[in-house]
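Chemist: To be precise about what I am sending: the file is called input_35.txt and holds compact mmCIF, C-alpha atoms.
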# COMPACT_ATOMS: atom_id res chain seq x y z
CA MET A 263 -23.26 88.96 -170.40
CA LYS A 264 -24.48 91.62 -172.84
CA ASN A 265 -28.09 91.19 -171.66
CA ASN A 266 -26.98 91.63 -168.05
CA GLN A 267 -25.17 94.85 -168.93
CA VAL A 268 -28.26 96.19 -170.65
CA PHE A 269 -30.42 95.22 -167.64
CA ILE A 270 -28.06 96.96 -165.23
CA PHE A 271 -28.01 100.04 -167.47
CA LEU A 272 -31.80 100.15 -167.55
CA MET A 273 -31.94 99.88 -163.77
CA VAL A 274 -29.55 102.83 -163.51
CA ILE A 275 -31.68 104.74 -166.02
CA THR A 276 -34.78 104.14 -163.91
CA LEU A 277 -33.06 105.58 -160.85
CA PHE A 278 -31.88 108.58 -162.85
CA LEU A 279 -35.33 109.25 -164.26
CA PHE A 280 -36.90 109.04 -160.83
CA SER A 281 -34.86 112.08 -159.89
CA CYS A 282 -35.89 114.21 -162.90
CA GLY A 283 -37.38 117.43 -161.60
CA ASN A 284 -36.21 116.70 -158.04
CA GLU A 285 -33.33 118.30 -156.20
CA ASN A 286 -30.99 115.36 -156.76
CA ASN A 287 -27.82 116.24 -158.66
CA VAL A 288 -28.33 114.21 -161.85
CA ASP A 289 -26.20 114.67 -164.96
CA HIS A 290 -28.99 114.48 -167.53
CA LYS A 291 -26.65 115.31 -170.40
CA LYS A 292 -24.55 112.26 -169.57
CA LEU A 293 -27.70 110.20 -169.23
CA LEU A 294 -28.82 111.43 -172.65
CA GLU A 295 -25.50 110.42 -174.19
CA GLN A 296 -25.75 106.96 -172.63
CA ALA A 297 -29.30 106.52 -173.90
CA TYR A 298 -28.12 107.42 -177.41
CA LYS A 299 -25.34 104.89 -177.07
CA PHE A 300 -27.84 102.14 -176.27
CA ASN A 301 -30.26 103.43 -178.94
CA ASP A 302 -32.89 103.90 -176.23
CA ILE A 303 -34.85 106.74 -177.81
CA ASN A 304 -37.62 106.82 -175.18
CA THR A 305 -35.13 107.27 -172.36
CA ALA A 306 -33.22 109.83 -174.41
CA ILE A 307 -36.41 111.87 -174.81
CA ILE A 308 -37.06 111.88 -171.07
CA ALA A 309 -33.43 112.82 -170.37
CA ALA A 310 -33.62 115.67 -172.91
CA GLN A 311 -36.86 116.88 -171.34
CA CYS A 312 -35.23 116.91 -167.91
CA LEU A 313 -32.22 118.73 -169.35
CA TYR A 314 -34.52 121.34 -170.85
CA LEU A 315 -36.42 121.81 -167.56
CA GLU A 316 -33.17 122.55 -165.76
CA ASN A 317 -32.79 125.75 -167.80
CA PRO A 318 -35.78 126.39 -170.10
CA GLU A 319 -34.76 129.99 -170.86
CA ASN A 320 -31.37 129.12 -172.33
CA ASN A 321 -31.07 125.53 -173.46
CA ASN A 322 -30.93 125.36 -177.25
CA TYR A 323 -29.05 122.06 -177.09
CA ALA A 324 -31.94 120.36 -175.28
CA LEU A 325 -34.52 121.82 -177.69
CA ASP A 326 -32.54 120.77 -180.77
CA THR A 327 -32.10 117.30 -179.30
CA LEU A 328 -35.80 116.97 -178.45
CA VAL A 329 -36.89 117.91 -181.97
CA ASN A 330 -34.41 115.41 -183.43
CA LEU A 331 -35.63 112.65 -181.10
CA TYR A 332 -39.29 113.40 -181.79
CA ASP A 333 -38.50 113.24 -185.49
CA ILE A 334 -37.00 109.77 -185.07
CA LYS A 335 -40.23 108.73 -183.31
CA LYS A 336 -42.29 110.45 -186.06
CA ALA A 337 -43.97 112.51 -183.34
CA TYR A 338 -44.68 115.31 -185.81
CA PHE A 339 -47.58 116.86 -183.90
CA THR A 340 -45.36 117.12 -180.80
CA ILE A 341 -42.65 118.85 -182.84
CA SER A 342 -45.21 121.34 -184.14
CA LYS A 343 -46.53 122.10 -180.65
CA LEU A 344 -43.02 122.48 -179.24
CA TYR A 345 -42.19 124.95 -182.01
CA GLU A 346 -45.32 126.97 -181.26
CA LYS A 347 -44.08 127.36 -177.70
CA GLU A 348 -40.36 127.84 -178.35
CA ALA A 349 -40.13 129.26 -181.89
CA GLY A 350 -37.73 132.04 -180.91
CA LYS A 351 -35.30 129.63 -179.28
CA ILE A 352 -35.01 127.15 -182.15
CA THR A 353 -32.47 128.60 -184.56
CA LYS A 354 -30.41 125.70 -185.92
CA TYR A 355 -30.99 124.96 -189.63
CA SER A 356 -31.42 121.18 -189.35
CA THR A 357 -33.81 121.59 -186.40
CA LEU A 358 -35.93 124.16 -188.22
CA MET A 359 -36.09 121.88 -191.26
CA HIS A 360 -37.36 119.06 -189.01
CA VAL A 361 -40.04 121.49 -187.82
CA ALA A 362 -41.07 122.52 -191.35
CA LEU A 363 -41.27 118.90 -192.54
CA ALA A 364 -43.21 117.90 -189.42
CA GLN A 365 -45.72 120.68 -190.06
CA ASN A 366 -46.08 119.48 -193.64
CA SER A 367 -46.55 115.86 -192.53
CA ILE A 368 -49.52 116.71 -190.29
CA GLY A 369 -51.21 118.84 -192.93
CA ARG A 370 -50.21 122.23 -191.55
CA ILE A 371 -48.94 123.25 -194.98
CA SER A 372 -49.30 127.01 -194.59
CA GLU A 373 -47.35 126.88 -191.31
CA SER A 374 -44.66 124.78 -192.98
CA ILE A 375 -44.36 127.27 -195.84
CA ALA A 376 -44.13 130.16 -193.35
CA THR A 377 -41.34 128.37 -191.47
CA LEU A 378 -39.45 127.72 -194.72
CA GLU A 379 -39.83 131.34 -195.84
CA GLN A 380 -38.32 132.50 -192.55
CA MET A 381 -35.48 130.02 -193.00
CA LYS A 382 -34.83 131.35 -196.50
CA LYS A 383 -34.00 134.76 -195.01
CA LYS A 384 -31.75 133.32 -192.31
CA PHE A 385 -29.96 130.71 -194.43
CA PRO A 386 -29.51 132.05 -198.00
CA GLU A 387 -26.78 129.46 -198.58
CA LYS A 388 -29.45 126.74 -198.19
CA GLU A 389 -31.80 128.24 -200.79
CA LEU A 390 -31.67 125.15 -203.05
CA HIS A 391 -32.97 122.80 -200.35
CA ILE A 392 -35.49 125.32 -199.03
CA ASN A 393 -36.86 126.05 -202.51
CA TYR A 394 -37.42 122.34 -203.10
CA GLU A 395 -39.33 121.94 -199.84
CA LEU A 396 -41.31 125.10 -200.60
CA ALA A 397 -42.19 123.63 -204.00
CA ARG A 398 -43.46 120.50 -202.26
CA GLY A 399 -45.54 122.65 -199.94
CA GLN A 400 -47.06 124.69 -202.76
CA TYR A 401 -47.80 121.48 -204.67
CA ALA A 402 -49.58 120.09 -201.59
CA LYS A 403 -51.65 123.31 -201.46
CA LYS A 404 -52.46 122.84 -205.16
CA GLU A 405 -50.72 126.13 -205.90
CA LYS A 406 -49.17 124.75 -209.06
CA GLU A 407 -48.10 128.08 -210.54
CA LYS A 408 -46.14 128.94 -207.39
CA CYS A 409 -44.72 125.44 -207.38
CA ILE A 410 -43.52 125.79 -210.99
CA ILE A 411 -41.84 129.14 -210.25
CA LEU A 412 -39.87 127.52 -207.41
CA LEU A 413 -38.96 124.50 -209.53
CA GLU A 414 -37.74 126.74 -212.35
CA LYS A 415 -35.43 128.46 -209.86
CA ILE A 416 -33.99 125.06 -208.99
CA LEU A 417 -33.60 124.08 -212.65
CA THR A 418 -31.51 127.21 -213.31
CA ASP A 419 -29.41 126.90 -210.14
CA PRO A 420 -25.80 125.93 -211.07
CA LYS A 421 -25.53 123.74 -207.95
CA ALA A 422 -28.69 121.74 -208.73
CA ASN A 423 -26.86 118.91 -210.51
CA GLN A 424 -24.24 118.64 -207.76
CA GLU A 425 -26.14 118.70 -204.47
CA LYS A 426 -28.52 115.88 -203.52
CA ILE A 427 -31.70 115.29 -201.55
CA SER A 428 -33.20 112.09 -200.15
CA ILE A 429 -36.31 111.14 -202.15
CA PHE A 430 -38.97 108.73 -200.86
CA PHE A 431 -40.34 106.32 -203.46
CA GLY A 432 -42.47 103.77 -201.60
CA GLY A 433 -42.38 101.38 -198.68
CA ASN A 434 -39.48 102.52 -196.54
CA GLN A 435 -37.20 103.23 -199.48
CA TYR A 436 -35.25 106.40 -200.26
CA GLN A 437 -32.76 107.48 -202.90
CA ASN A 438 -30.24 110.30 -202.87
CA ILE A 439 -31.04 112.26 -206.02
CA ASP A 440 -29.57 115.50 -207.37
CA TYR A 441 -31.92 118.49 -207.15
CA LEU A 442 -31.94 118.94 -210.93
CA SER A 443 -33.40 115.45 -211.50
CA ALA A 444 -35.77 115.83 -208.52
CA ALA A 445 -37.11 119.15 -209.85
CA ASN A 446 -37.54 117.74 -213.37
CA ASN A 447 -39.50 114.82 -211.92
CA MET A 448 -41.82 117.14 -209.98
CA MET A 449 -42.39 119.24 -213.09
CA GLY A 450 -43.28 116.05 -214.94
CA ILE A 451 -45.84 115.15 -212.27
CA ILE A 452 -47.54 118.54 -212.60
CA PHE A 453 -47.89 118.23 -216.38
CA LEU A 454 -48.94 114.58 -216.07
CA GLU A 455 -51.83 115.63 -213.84
CA GLU A 456 -52.79 118.27 -216.39
CA LYS A 457 -52.66 115.64 -219.16
CA LYS A 458 -50.00 117.59 -221.01
CA TRP A 459 -48.32 114.40 -222.12
CA ASP A 460 -45.49 115.81 -224.23
CA GLN A 461 -44.32 118.24 -221.57
CA ALA A 462 -44.58 115.59 -218.87
CA GLU A 463 -42.58 113.14 -220.96
CA SER A 464 -39.90 115.74 -221.62
CA TYR A 465 -39.39 116.40 -217.90
CA PHE A 466 -39.39 112.72 -216.91
CA LYS A 467 -36.78 112.02 -219.61
CA LYS A 468 -34.63 114.87 -218.30
CA ALA A 469 -34.94 113.47 -214.78
CA LEU A 470 -33.79 110.06 -215.98
CA GLU A 471 -31.01 111.49 -218.14
CA GLY A 472 -29.56 113.05 -215.03
CA ASN A 473 -30.05 109.87 -213.00
CA PRO A 474 -31.05 106.70 -214.90
CA LYS A 475 -31.61 104.83 -211.62
CA PHE A 476 -34.08 107.42 -210.27
CA GLN A 477 -36.85 105.00 -209.30
CA LEU A 478 -39.61 107.54 -208.65
CA ALA A 479 -39.05 109.13 -212.08
CA LYS A 480 -39.14 105.65 -213.64
CA ASN A 481 -42.43 104.91 -211.89
CA ASN A 482 -43.92 108.22 -213.00
CA TYR A 483 -42.76 107.72 -216.58
CA GLU A 484 -44.52 104.36 -216.63
CA LEU A 485 -47.69 106.01 -215.29
CA LEU A 486 -47.45 108.52 -218.13
CA LYS A 487 -47.18 105.77 -220.74
CA LYS A 488 -50.22 103.97 -219.33
CA ALA A 489 -52.24 107.20 -219.19
CA LYS A 490 -51.43 107.96 -222.82
CA GLU A 491 -52.32 104.41 -223.89
CA LYS A 492 -55.62 104.61 -222.03
CA GLU A 493 -56.50 107.91 -223.71
CA ILE A 494 -55.67 106.51 -227.15
CA SER A 495 -57.73 103.33 -226.56
CA ASN A 496 -60.74 105.43 -225.56
Would you write out, as structure tokens, the structure that this file holds?
Modeler:
Amino acid sequence: MKNNQVFIFLMVITLFLFSCGNENNVDHKKLLEQAYKFNDINTAIIAAQCLYLENPENNNYALDTLVNLYDIKKAYFTISKLYEKEAGKITKYSTLMHVALAQNSIGRISESIATLEQMKKKFPEKELHINYELARGQYAKKEKEKCIILLEKILTDPKANQEKISIFFGGNQYQNIDYLSAANNMMGIIFLEEKKWDQAESYFKKALEGNPKFQLAKNNYELLKKAKEKEISN
């Protein structure tokens, strides 16, 4: 029965999509909601595109939805191109953050940093999150001094041990980690790369003191131990 319902729904979707851009009176917002309900991301994207085309000059909802859907599909280049075209119309914080992270993911680091800097002016209450993503961007650009300045701001922020960010640590695995531990871990990575073992160890220990189950910090601490052992053996 369930399979039949899905088949009927898909047939209805096909008829709806055929009318996109035509004069037929199609409720694309309702279609979008139904596609979400069935977790049909491809159909949802087409419905959102149709919704946007109905009123491209004033349709922030469709733009926000498109960026979110493209993010789910990991279509980062498409997000970047859409932002180039519609930058002035995308104003929602979560949508702009999707844009900045998409730009970072495709190697457009300078563009990502520029987007984040603009967001910092518009959303001062989100400075903690923005500073962390800026630090990641500066690290990717090998601007370690700028990265350290941003991380130090996080380390002195009174909210850093309360608010959390999702940290990727391999495979398809993420952990929600407080910003204080995340910043300490990134500082440890910087000093590990510079072979400043004592400073690196201090930061990794601080990261693990704040969150003993922080897997990425554990992994990095083990890398530090091996690097020190290798240097001693040589």
Chemist: Enter the distance from atom CA of A:Leu413 to atom CA of A:Asn434, in Å, rounded to one decimal.
Modeler: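 Atom CA of A:Asn434 lies at a distance of 25.5 Å from atom CA of A:Leu413.
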Chemist: Quick one: everything within 10 Å of A:Glu373, counting all atoms listed in the file, minus sequence neighbours fewer than 4 positions away in the same chain. Send it as a ChimeraX atom specification.
Modeler: /A:342,361-362,365-366,369,377-379,399
Chemist: Given all atoms listed in the file as the basis, pick out the residue of A:Phe476, A:Tyr401, A:Tyr465, A:Tyr314 nearest to A:Ile429.
Modeler: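 Checking each of A:Phe476, A:Tyr401, A:Tyr465, A:Tyr314 against A:Ile429, counting all atoms listed in the file, the winner is A:Phe476.
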Chemist: Step by step, gather every atom of stretch 476-479 of chain A that the file lists, find the box along x, y and z that holds them, add 8 Å on each side, and finally give centre and edge lengths in Å to one decimal, as JSON.
Modeler:
{"center_x": -36.8, "center_y": 107.1, "center_z": -210.4, "size_x": 21.5, "size_y": 20.1, "size_z": 19.4}
Chemist: Determine, using only C-alpha atoms, which residues of stretch 330-372 of chain A have any atom at most 12 Å from an atom of stretch 292-301 of chain A, and tabulate each with its shortest atom pair and distance in Å to one decimal place, rows ordered by chain and then rising number, as a Markdown table.
Modeler:
| residue | atom | partner | partner_atom | distance |
| --- | --- | --- | --- | --- |
| A:Asn330 | CA | A:Tyr298 | CA | 11.8 |
| A:Leu331 | CA | A:Tyr298 | CA | 9.9 |
| A:Ile334 | CA | A:Asn301 | CA | 11.1 |
Chemist: Closest to A:Asp333 among A:Lys351, A:Lys421, A:Lys384, A:His360, using all atoms listed in the file?
Modeler: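 Answer, going by the shortest atom-to-atom distance: A:His360.
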Chemist: So that I can see what lies close to stretch 309-312 of chain A, please list as a list in words the residues with an atom at most 7 Å from it, counting all atoms listed in the file and leaving out residues fewer than 4 positions away in the same chain.
Modeler: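 Close residues of stretch 309-312 of chain A: Cys282, Gly283, His290, Leu293, Leu294, Thr305, Glu316, Ala324, Thr327 and Leu328 of chain A.
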Chemist: Let me make sure I understand: among A:Phe466, A:Phe453, A:Tyr394, A:Trp459, which one has the smallest atom-to-atom distance to A:Lys426 if we use all atoms listed in the file?
Modeler: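 Closest residue, counting all atoms listed in the file: A:Tyr394.
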Chemist: Which distance in Å separates atom CA of A:Asn317 and atom CA of A:Tyr355, to one decimal?
Modeler: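 We find that atom CA of A:Asn317 and atom CA of A:Tyr355 lie 21.9 Å from each other.
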Chemist: Skip A:Ile451 itself and residues of its chain fewer than 4 positions away, then list as a list in words all residues within 7 Å of it, counting all atoms listed in the file.
Modeler: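 In the requested format, the answer is Asn447, Glu455 and Ala462 of chain A.
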Chemist: Could you list, as a list in words, every residue within 12 Å of A:Gln424, counting only C-alpha atoms and ignoring same-chain residues fewer than 6 positions away?
Modeler: Leu390, Ile416, Leu417, Asn438, Ile439, Asp440, Tyr441, Leu442, Ser443, Ala444, Gly472 and Asn473 of chain A
Chemist: Could you work out how far atom CA of A:Tyr338 lies from atom CA of A:Ala364, giving the answer in Å with one decimal?
Modeler: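 Pair atom CA of A:Ala364 / atom CA of A:Tyr338 returns 4.7 Å.
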Chemist: Go through stretch 423-484 of chain A residue by residue and, counting all atoms listed in the file, keep those with an atom at most 12 Å from stretch 491-496 of chain A; for each kept residue give the shortest atom pair and its distance in Å to one decimal, ordered by chain and increasing number, as a Markdown table.
Modeler:
| residue | atom | partner | partner_atom | distance |
| --- | --- | --- | --- | --- |
| A:Lys457 | CA | A:Glu493 | CA | 9.8 |
| A:Lys458 | CA | A:Glu493 | CA | 12.0 |
| A:Trp459 | CA | A:Glu493 | CA | 10.6 |
| A:Glu484 | CA | A:Glu491 | CA | 10.7 |
Chemist: Give the answer as one residue: which of A:Asp460, A:Gln400, A:Phe431, A:Lys291 has the shortest atom-to-atom distance to A:Lys480, using all atoms listed in the file?
Modeler: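 Answer, going by the shortest atom-to-atom distance: A:Phe431.
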